[in-house]
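*Asks:* Have a look at this one.
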Amino acid sequence: MTLETMLNLYNILSASHLYILGFLFNGILYYVAMNFEQMKKFARLDRMSEKRGGLAKVRIKLSKAQKLELLKMATACGIESDLAVDEKYNRGDNFERIITELLTAEKWSKNSVPFNISGDIAINGENIQIKLDGCEITNEKLLRKMVRI
């Protein structure tokens, strides 16, 4: 699958069309809210390992220039070490915890709700996905399973 095909399928299937994208710059953790069209500018096509089938996957990967541009509208929300506060979770989970507890009255807990069912958080009734730079958005195996192709 091409990057464009995977992004289009993901967008069609997703319960969220708003995103909070997090990134590190000079040791400071920032976040920016954006819509799907804005977020997809940062998507890159990558491959799963051969052991996992070698299929295509979509990742968010910000360049230094993109981070500098995003800094103009970003909000600081922590420092790099905050992404490792709870060692039983990865950096993306820790970022989701930070954002959930910062922007909602909810205490974060890990869940496995698929992106087509719900966002990571809801604000004013709007589902929002929380993503950290370097994350996998979706992969070909999952999309093929969801649309049965």
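We label chains A, B, ... in the order they appear in the structure tokens, count residues from 1 in each chain, and number ligands from 1 in the order shown.
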For the structure I just gave you, how does DSSP split range 37-129 of chain A - specifically, which residues are helix (DSSP H, G or I)? Reply as JSON, numbers by chain.
*Replies:* {"A": [37, 38, 39, 40, 41, 42, 50, 51, 52, 64, 65, 66, 67, 68, 69, 70, 71, 80, 81, 82, 83, 84, 91, 92, 93, 94, 95, 96, 97, 98, 99, 100, 101, 102, 103]}
*Asks:* Mind checking DSSP for range 10-138 of chain A and telling me the strand (DSSP E or B) residues as a PyMOL selection string?
*Replies:* chain A and resi 18-25+28-35+43-47+56-60+75-79+121-123+126-132+136-138
*Asks:* Go ahead and save the picked residues with C-alpha atoms, as a compact mmCIF listing (two decimals), in the first residue's frame.
*Replies:*
```txt
# COMPACT_ATOMS: atom_id res chain seq x y z
CA LEU A 18 -8.32 15.88 15.72
CA TYR A 19 -4.83 15.15 17.01
CA ILE A 20 -2.48 16.27 19.70
CA LEU A 21 1.06 15.81 18.47
CA GLY A 22 3.91 15.85 20.95
CA PHE A 23 7.60 16.36 20.31
CA LEU A 24 10.84 17.11 22.08
CA PHE A 25 13.00 20.12 21.32
CA ILE A 28 11.51 20.33 26.47
CA LEU A 29 8.31 18.41 25.70
CA TYR A 30 5.76 20.32 23.60
CA TYR A 31 2.34 19.62 22.15
CA VAL A 32 0.30 21.04 19.29
CA ALA A 33 -3.37 20.44 18.45
CA MET A 34 -4.15 19.88 14.77
CA ASN A 35 -6.56 18.30 12.33
CA ALA A 43 3.58 11.09 8.15
CA ARG A 44 6.25 8.90 6.61
CA LEU A 45 6.08 5.45 5.05
CA ASP A 46 8.17 2.87 6.86
CA ARG A 47 8.34 -0.93 6.96
CA ALA A 56 4.18 -1.00 5.21
CA LYS A 57 3.50 1.15 8.25
CA VAL A 58 2.88 4.85 8.74
CA ARG A 59 4.96 6.78 11.25
CA ILE A 60 5.05 10.37 12.43
CA THR A 75 2.69 24.61 24.28
CA ALA A 76 5.33 23.26 26.66
CA CYS A 77 4.04 20.44 28.84
CA GLY A 78 7.11 18.90 30.43
CA ILE A 79 10.67 17.77 29.96
CA ILE A 121 -9.43 11.56 24.98
CA ALA A 122 -12.62 13.52 24.40
CA ILE A 123 -12.85 17.28 24.88
CA GLU A 126 -14.73 15.66 20.25
CA ASN A 127 -12.55 12.53 20.03
CA ILE A 128 -8.83 13.32 19.94
CA GLN A 129 -5.91 11.02 19.18
CA ILE A 130 -2.67 11.66 21.08
CA LYS A 131 0.56 10.98 19.16
CA LEU A 132 4.22 11.45 20.00
CA GLU A 136 3.40 4.38 14.45
CA ILE A 137 0.00 5.63 13.35
CA THR A 138 -1.14 2.47 11.60
```
*Asks:* Quick one: residues within 8 Å of Ile117 in chain A, only C-alpha atoms, excluding same-chain residues fewer than 3 positions away - as a list in words?
*Replies:*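 So, after excluding close chain neighbours, the residues are Ser14, Ala15, Val113 and Pro114 of chain A.
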*Asks:* Could those residues be written to a file, using N, CA and C atoms, as a PDB file, in the first residue's frame?
*Replies:*
```
ATOM      1  N   SER A  14     -11.101   6.176  11.179  1.00  0.00           N
ATOM      2  CA  SER A  14     -10.831   6.758  12.491  1.00  0.00           C
ATOM      3  C   SER A  14     -12.056   7.415  13.121  1.00  0.00           C
ATOM      4  N   ALA A  15     -12.172   7.237  14.434  1.00  0.00           N
ATOM      5  CA  ALA A  15     -13.222   7.904  15.205  1.00  0.00           C
ATOM      6  C   ALA A  15     -12.810   9.336  15.543  1.00  0.00           C
ATOM      7  N   VAL A 113      -8.395   0.552  23.380  1.00  0.00           N
ATOM      8  CA  VAL A 113      -9.536   0.871  22.532  1.00  0.00           C
ATOM      9  C   VAL A 113      -9.014   1.228  21.141  1.00  0.00           C
ATOM     10  N   PRO A 114      -9.468   0.522  20.104  1.00  0.00           N
ATOM     11  CA  PRO A 114      -8.978   0.792  18.742  1.00  0.00           C
ATOM     12  C   PRO A 114      -9.343   2.197  18.259  1.00  0.00           C
TER      13      PRO A 114
END
```
*Asks:* For CA of Gln38 in chain A and CA of Leu70 in chain A, determine how far apart the two atoms are, in Å to one decimal place.
*Replies:* 10.9 Å
*Asks:* Using only C-alpha atoms, tabulate the residues of range 8-89 of chain A lying at most 9 Å from any atom of range 142-149 of chain A, each with its closest atom pair and that distance in Å to one decimal, by chain and increasing residue number, as a Markdown table.
*Replies:*
```
| residue | atom | partner | partner_atom | distance |
| --- | --- | --- | --- | --- |
| A:Leu9 | CA | A:Leu143 | CA | 7.2 |
| A:Tyr10 | CA | A:Leu143 | CA | 7.3 |
| A:Leu13 | CA | A:Met146 | CA | 8.4 |
```
*Asks:* Suppose you want the space between CA of Gln66 in chain A and CA of Gly54 in chain A; what is it in Å?
*Replies:*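 Spanning CA of Gln66 in chain A to CA of Gly54 in chain A is a straight-line distance of 28.0 Å.
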*Asks:* Rank A:Asp120, A:Ala74, A:Gly92, A:Lys40 by their smallest atom-to-atom distance to Glu106 in chain A, using only C-alpha atoms, and report the top residue only.
*Replies:*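 Among the listed residues, the smallest separation from Glu106 in chain A belongs to A:Asp120.
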*Asks:* I need the residue nearest Met48 in chain A from this list: A:Asn11, A:Asn26, A:Asn139, A:Thr2. Use only C-alpha atoms for the distance.
*Replies:*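 Closest candidate: A:Asn139.
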*Asks:* Grab the CA of Lys64 in chain A to CA of Gly134 in chain A distance for me, in Å with one decimal place.
*Replies:*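 CA of Gly134 in chain A lies 12.9 Å from CA of Lys64 in chain A.
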*Asks:* Under the rule that only C-alpha atoms are counted, which of A:Ala105, A:Glu140, A:Glu80, A:Ala65 is the nearest residue to Glu4 in chain A?
*Replies:*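 Once distances to Glu4 in chain A are computed over only C-alpha atoms, the minimum belongs to A:Glu140.
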*Asks:* Given the choices A:Leu68, A:Leu62, A:Met73, A:Cys135, which gets closest to Arg91 in chain A if the distance is worked out from only C-alpha atoms?
*Replies:*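 Checking each candidate against Arg91 in chain A, we get A:Cys135 as the closest.
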*Asks:* I'd like the neighbourhood of Lys107 in chain A as a PyMOL selection string, where a residue qualifies if any of its atoms comes within 10 Å (using only C-alpha atoms), though same-chain residues fewer than 4 positions away should be ignored.
*Replies:* chain A and resi 97-98+100-102
